[in-house]
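Asks: The following block contains the structure, expressed as structure tokens.
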Amino acid sequence: MAKIADIEDRSYWHKTAKSVPLPTQAIIGGRQVDARSGKRFATINPATGETLADIVEGDATDVDDAVTSARRSFDAGHWRNQSPLARKRVLLKLAELLNAEQQQLAAMESLDMGKLVRDAAGNDIPTAINILQWHAEEVDKTYDEVAPLPVGNVGLIRRVPLGVVGAVVPWNFPLNMAIWKCAPALAAGNSVVLKPAEQSPLTALRFAQLALEAGLPEGVLNVVPGFGETAGQALGRHMDVDCLAFTGSTAVGKMFLRYAGDSNLKQVWLECGGKSPVVVFEDCEDLETAADQVVSGILYNQGQVCSAGSRLIVQDSIRARFLDLLTERMAQYRPGDPLDPQSRLGAMVEAKHAANVMRYIEAGCREATLVAGGNAVTVNGRGSFIEPTIFSDVRPDAVIAREEIFGPVLAVLGFADEAEAIALANDSVYGLGASVWTDNLSRAHRVSEQIVAGVVGVNVVDPVNPAIPFGGFRQSGSGRDLSRHAAEKYTALKTTWIRFKD
């Protein structure tokens, strides 16, 4: 493990990035394989525009191979029939192997999707490992139920694995999202076929390699890189997939619901888009801390976070002052080399997405007041970067107030009283996250109860913990990731009713 002094040094990370081996093949049936078609696609470093590696491009044929392998492993019982303690030990061993490669994994993610290496190494990778450990430790601490039946009857109610789980994950937190899906599914005894985002497949592939090294039986975890319209759709439509877990846009989430209806009515669990409100009341005594968290909340990962607090709803009496605090802090976040630990803002995941974010910024310039930022920039003449951007005087019906931008863009709206604040917060098709800032305890309870969101933080922005369920309402999806409730997505209740003689 590198020393802290090394980790804070730019040259260490550039050296690590150049030396880390990049996995390129699919993992199917415990083997590293090429696509049957022989096709590959380039994964690009968005900070430089350079090709990192040519990755296997799986399609429907490769997905079918992976599902067949997963089904074979599940039916054979090599994993699901192991004791909870045995499964726990394998998953904890996997966590140890990931922990030993933290810096290499952080460098991979920084290269692959442009995130700051300081965030990948300091938060994203350690958090992913912690979540894996949490679900591993849960395995042998979960009890089944006995129903209260009349004498002479015993009702056993058990949670059993569903079978083959398909998981389609996004590009913004590659290893984290893979583990959010795979850890509880594997812990429950399922077999998994994982389709990572084509923009950032590297750490998911390494995750599968290390899983085999940890002792996970062949075929239990399969990873098929490829494109959504081919590999992703094939997984969603496959007749032998029992459950599909997806994190990504609401538009694509709706597609997976259709795929399930057109195929075998597989269970579909969605964690989709968001337009999370941050409501700041005039009775918030620590506006400095509130401003710190609002800025870090919209700029973390360049704003490419589904639960990012992208709608700031601030009371009119403090709006000008709070906007000044935000502008001061935003000025400290300038795009820089993602592999430099001193950089505060990384690259957008790809040029195509950066262009889409800029279209939203152009719309914002037409319908609101640009306070800061608003420009696409380069670093050392290369890459896809966007300045931190603030719009004020935003109308509730403005495009930038209603649609998920997925970039470093903050829309600021004002309100006069509590009723208006709640109405504005709930004026969205989404319901993923929210934040309320107040020092009035009654108001904190009252407002958080009325806001429609899966997770409401009071005096904190976008809190995440393995013990707390994460997910939303409305078009933000269904089901929950994290916590013991995650297992509910990957298991089914099975009842055995036994009558016995006196």
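Please note that chains go A, B, ... in the order of the structure tokens, that every chain numbers its residues from 1, and that ligands are numbered from 1 in the order shown.
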Can you tell me which residues surround range 160-164 of chain A at a distance of at most 7 Å, considering only C-alpha atoms, apart from same-chain residues fewer than 4 positions away, and format the answer as a ChimeraX atom specification?

Replies: /A:70-71,74,188-192,241-243,490-494

Asks: Name the residues of range 98-335 of chain A that come out as helix (DSSP H, G or I) in a backbone DSSP run; write them as a ChimeraX atom specification.

Replies: /A:98-100,102-113,117-141,174-187,202-214,228-237,250-262,287-303,316-330

Asks: Which neighbours of range 256-258 of chain A fall inside 8 Å, counting only C-alpha atoms, when residues of the same chain fewer than 2 positions from it are skipped, and could you give them as a PyMOL selection string?

Replies: chain A and resi 233+236+252-254+260-262+268

Asks: Set the distance at 7 Å and use only C-alpha atoms: which residues neighbour range 131-141 of chain A once local chain neighbours fewer than 6 positions away are removed? I'd like the list as a PyMOL selection string.

Replies: chain A and resi 84-85+88+91-92+95+179+183-184+187+466

Asks: If you keep C-alpha atoms, can you produce a file of those selected residues as an mmCIF file, in the first residue's frame?

Replies:
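Okay, part08.cif is ready:
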data_model
loop_
_atom_site.group_PDB
_atom_site.id
_atom_site.type_symbol
_atom_site.label_atom_id
_atom_site.label_comp_id
_atom_site.auth_asym_id
_atom_site.auth_seq_id
_atom_site.Cartn_x
_atom_site.Cartn_y
_atom_site.Cartn_z
ATOM 1 C CA PRO A 84 -23.871 -18.684 4.833
ATOM 2 C CA LEU A 85 -20.519 -18.712 6.651
ATOM 3 C CA LYS A 88 -19.336 -14.807 3.776
ATOM 4 C CA LEU A 91 -16.924 -12.330 -0.177
ATOM 5 C CA LEU A 92 -14.675 -11.056 2.606
ATOM 6 C CA ALA A 95 -12.927 -7.459 -0.245
ATOM 7 C CA ILE A 179 -20.926 -3.816 -5.907
ATOM 8 C CA ALA A 183 -22.836 -7.852 -3.308
ATOM 9 C CA PRO A 184 -26.392 -8.458 -2.015
ATOM 10 C CA ALA A 187 -24.589 -12.875 -0.708
ATOM 11 C CA PRO A 466 -24.374 0.812 3.788
#

Asks: Go through A:Thr247, A:Ser73, A:Thr438, A:Thr496 one by one, measure the shortest atom-to-atom distance of each to Val146 in chain A using only C-alpha atoms, and give the residue with the smallest value.

Replies: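 Of A:Thr247, A:Ser73, A:Thr438, A:Thr496, the one nearest Val146 in chain A is A:Thr496, counting only C-alpha atoms.
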
Asks: Excluding Arg395 in chain A and any residue of its chain fewer than 5 positions from it, enumerate the residues within 10 Å of it, using only C-alpha atoms, and give them as a list in words.

Replies: Glu367, Ala368, Ile400, Ala401, Arg402, Ala411, Val412, Leu413 and Gly414 of chain A

Asks: Any chance you can output those residues with N, CA, C and O atoms as a short mmCIF file (atom, residue, chain, number, x, y, z; two decimals), in the first residue's frame?

Replies:
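Saved result, again-v3.cif, follows:
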data_model
loop_
_atom_site.label_atom_id
_atom_site.label_comp_id
_atom_site.auth_asym_id
_atom_site.auth_seq_id
_atom_site.Cartn_x
_atom_site.Cartn_y
_atom_site.Cartn_z
N GLU A 367 -33.18 31.35 -20.26
CA GLU A 367 -34.36 31.38 -19.39
C GLU A 367 -34.05 31.77 -17.94
O GLU A 367 -34.97 31.80 -17.11
N ALA A 368 -32.80 32.08 -17.62
CA ALA A 368 -32.44 32.45 -16.25
C ALA A 368 -31.23 33.38 -16.29
O ALA A 368 -30.77 33.80 -17.37
N ILE A 400 -33.96 23.87 -17.05
CA ILE A 400 -32.87 23.54 -16.12
C ILE A 400 -33.37 23.26 -14.72
O ILE A 400 -32.62 22.75 -13.87
N ALA A 401 -34.65 23.58 -14.44
CA ALA A 401 -35.23 23.27 -13.13
C ALA A 401 -35.97 21.95 -13.14
O ALA A 401 -36.30 21.43 -12.07
N ARG A 402 -36.21 21.39 -14.31
CA ARG A 402 -37.06 20.21 -14.40
C ARG A 402 -36.32 18.97 -14.90
O ARG A 402 -36.66 17.85 -14.48
N ALA A 411 -29.23 25.13 -10.33
CA ALA A 411 -30.35 26.04 -10.58
C ALA A 411 -30.89 26.55 -9.25
O ALA A 411 -31.25 25.75 -8.39
N VAL A 412 -30.94 27.88 -9.09
CA VAL A 412 -31.34 28.49 -7.82
C VAL A 412 -32.73 29.11 -7.96
O VAL A 412 -32.96 29.97 -8.82
N LEU A 413 -33.64 28.68 -7.09
CA LEU A 413 -35.00 29.21 -7.04
C LEU A 413 -35.23 29.81 -5.66
O LEU A 413 -34.62 29.39 -4.67
N GLY A 414 -36.15 30.79 -5.58
CA GLY A 414 -36.47 31.40 -4.30
C GLY A 414 -37.85 31.01 -3.81
O GLY A 414 -38.69 30.54 -4.58
#

Asks: Select, from A:Thr369, A:Ser392, A:Ser249, A:Ser448, the residue with the minimum atom-to-atom distance to Gly477 in chain A, counting only C-alpha atoms.

Replies: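 Of A:Thr369, A:Ser392, A:Ser249, A:Ser448, the one nearest Gly477 in chain A, counting only C-alpha atoms, is A:Ser249.
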
Asks: Could you tell me how far CA of Phe322 in chain A lies from CA of Ala372 in chain A, in Å and to one decimal?

Replies: 14.0 Å

Asks: Counting only C-alpha atoms, which of A:Lys181, A:Arg334, A:Arg206, A:Arg158 gets nearest to Glu101 in chain A?

Replies: A:Arg206

Asks: Taking 3 positions as the minimum chain separation for residues in the same chain, which residues sit within 7 Å of range 113-121 of chain A when counting only C-alpha atoms? Answer as a list in words.

Replies: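 Once the nearby chain positions are removed, what remains is Asn45, Pro46, Ala47, Gln102, Gln103, Ala106, Ala107, Glu109, Ser110, Asp124, Ile125, Gln199, Ser200, Asn301, Pro338, Leu339, Pro341, Leu345, Gly346, Ala347, Met348 and Val349 of chain A.
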
Asks: Can those selected residues be exported to a file as an mmCIF file, in the first residue's frame so that it contains N, CA and C atoms?

Replies:
data_model
loop_
_atom_site.group_PDB
_atom_site.id
_atom_site.type_symbol
_atom_site.label_atom_id
_atom_site.label_comp_id
_atom_site.auth_asym_id
_atom_site.auth_seq_id
_atom_site.Cartn_x
_atom_site.Cartn_y
_atom_site.Cartn_z
ATOM 1 N N ASN A 45 -10.046 7.882 -22.469
ATOM 2 C CA ASN A 45 -9.779 8.765 -21.335
ATOM 3 C C ASN A 45 -10.365 10.135 -21.668
ATOM 4 N N PRO A 46 -11.457 10.560 -21.002
ATOM 5 C CA PRO A 46 -12.090 11.819 -21.383
ATOM 6 C C PRO A 46 -11.275 13.054 -21.038
ATOM 7 N N ALA A 47 -10.263 12.888 -20.184
ATOM 8 C CA ALA A 47 -9.407 14.019 -19.839
ATOM 9 C C ALA A 47 -8.392 14.338 -20.927
ATOM 10 N N GLN A 102 -6.369 -0.948 -4.010
ATOM 11 C CA GLN A 102 -7.138 0.294 -3.980
ATOM 12 C C GLN A 102 -6.582 1.363 -4.917
ATOM 13 N N GLN A 103 -5.273 1.584 -4.885
ATOM 14 C CA GLN A 103 -4.700 2.646 -5.703
ATOM 15 C C GLN A 103 -4.811 2.337 -7.202
ATOM 16 N N ALA A 106 -8.383 2.919 -8.209
ATOM 17 C CA ALA A 106 -8.666 4.352 -8.263
ATOM 18 C C ALA A 106 -8.096 4.962 -9.539
ATOM 19 N N ALA A 107 -6.890 4.563 -9.902
ATOM 20 C CA ALA A 107 -6.291 5.070 -11.132
ATOM 21 C C ALA A 107 -7.101 4.640 -12.347
ATOM 22 N N GLU A 109 -10.327 4.038 -12.522
ATOM 23 C CA GLU A 109 -11.572 4.794 -12.616
ATOM 24 C C GLU A 109 -11.316 6.229 -13.048
ATOM 25 N N SER A 110 -10.220 6.822 -12.576
ATOM 26 C CA SER A 110 -9.878 8.172 -12.999
ATOM 27 C C SER A 110 -9.586 8.209 -14.490
ATOM 28 N N ASP A 124 -14.567 6.747 -3.230
ATOM 29 C CA ASP A 124 -15.348 5.808 -4.033
ATOM 30 C C ASP A 124 -14.903 4.361 -3.859
ATOM 31 N N ILE A 125 -13.616 4.101 -4.012
ATOM 32 C CA ILE A 125 -13.132 2.713 -3.917
ATOM 33 C C ILE A 125 -13.251 2.183 -2.487
ATOM 34 N N GLN A 199 -18.782 3.179 -21.219
ATOM 35 C CA GLN A 199 -17.843 4.271 -20.987
ATOM 36 C C GLN A 199 -16.808 3.941 -19.918
ATOM 37 N N SER A 200 -17.113 2.990 -19.021
ATOM 38 C CA SER A 200 -16.202 2.744 -17.890
ATOM 39 C C SER A 200 -16.260 1.287 -17.435
ATOM 40 N N ASN A 301 -17.914 14.553 -8.436
ATOM 41 C CA ASN A 301 -17.977 13.742 -9.655
ATOM 42 C C ASN A 301 -18.476 14.571 -10.841
ATOM 43 N N PRO A 338 -7.348 15.135 -13.753
ATOM 44 C CA PRO A 338 -7.955 14.241 -12.761
ATOM 45 C C PRO A 338 -6.940 13.430 -11.966
ATOM 46 N N LEU A 339 -5.765 13.201 -12.517
ATOM 47 C CA LEU A 339 -4.734 12.425 -11.816
ATOM 48 C C LEU A 339 -3.874 13.292 -10.891
ATOM 49 N N PRO A 341 -3.834 15.142 -7.472
ATOM 50 C CA PRO A 341 -4.633 15.225 -6.244
ATOM 51 C C PRO A 341 -5.002 16.645 -5.831
ATOM 52 N N LEU A 345 -11.819 19.645 -9.799
ATOM 53 C CA LEU A 345 -12.902 19.259 -10.694
ATOM 54 C C LEU A 345 -12.310 18.462 -11.855
ATOM 55 N N GLY A 346 -12.872 17.298 -12.121
ATOM 56 C CA GLY A 346 -12.361 16.432 -13.165
ATOM 57 C C GLY A 346 -13.053 16.636 -14.496
ATOM 58 N N ALA A 347 -12.919 15.640 -15.365
ATOM 59 C CA ALA A 347 -13.493 15.707 -16.707
ATOM 60 C C ALA A 347 -14.901 15.132 -16.722
ATOM 61 N N MET A 348 -15.689 15.559 -17.704
ATOM 62 C CA MET A 348 -16.967 14.902 -17.978
ATOM 63 C C MET A 348 -16.649 13.542 -18.597
ATOM 64 N N VAL A 349 -17.586 12.593 -18.506
ATOM 65 C CA VAL A 349 -17.276 11.216 -18.852
ATOM 66 C C VAL A 349 -16.913 11.034 -20.326
#

Asks: Report the residues of range 246-455 of chain A whose backbone DSSP state falls under strand (DSSP E), written as an MDAnalysis selection string.

Replies: chainID A and resid 246:247 267:271 277:280 311:315 369:372 376:379 382:386 389:392 409:415 430:431 433:437 455
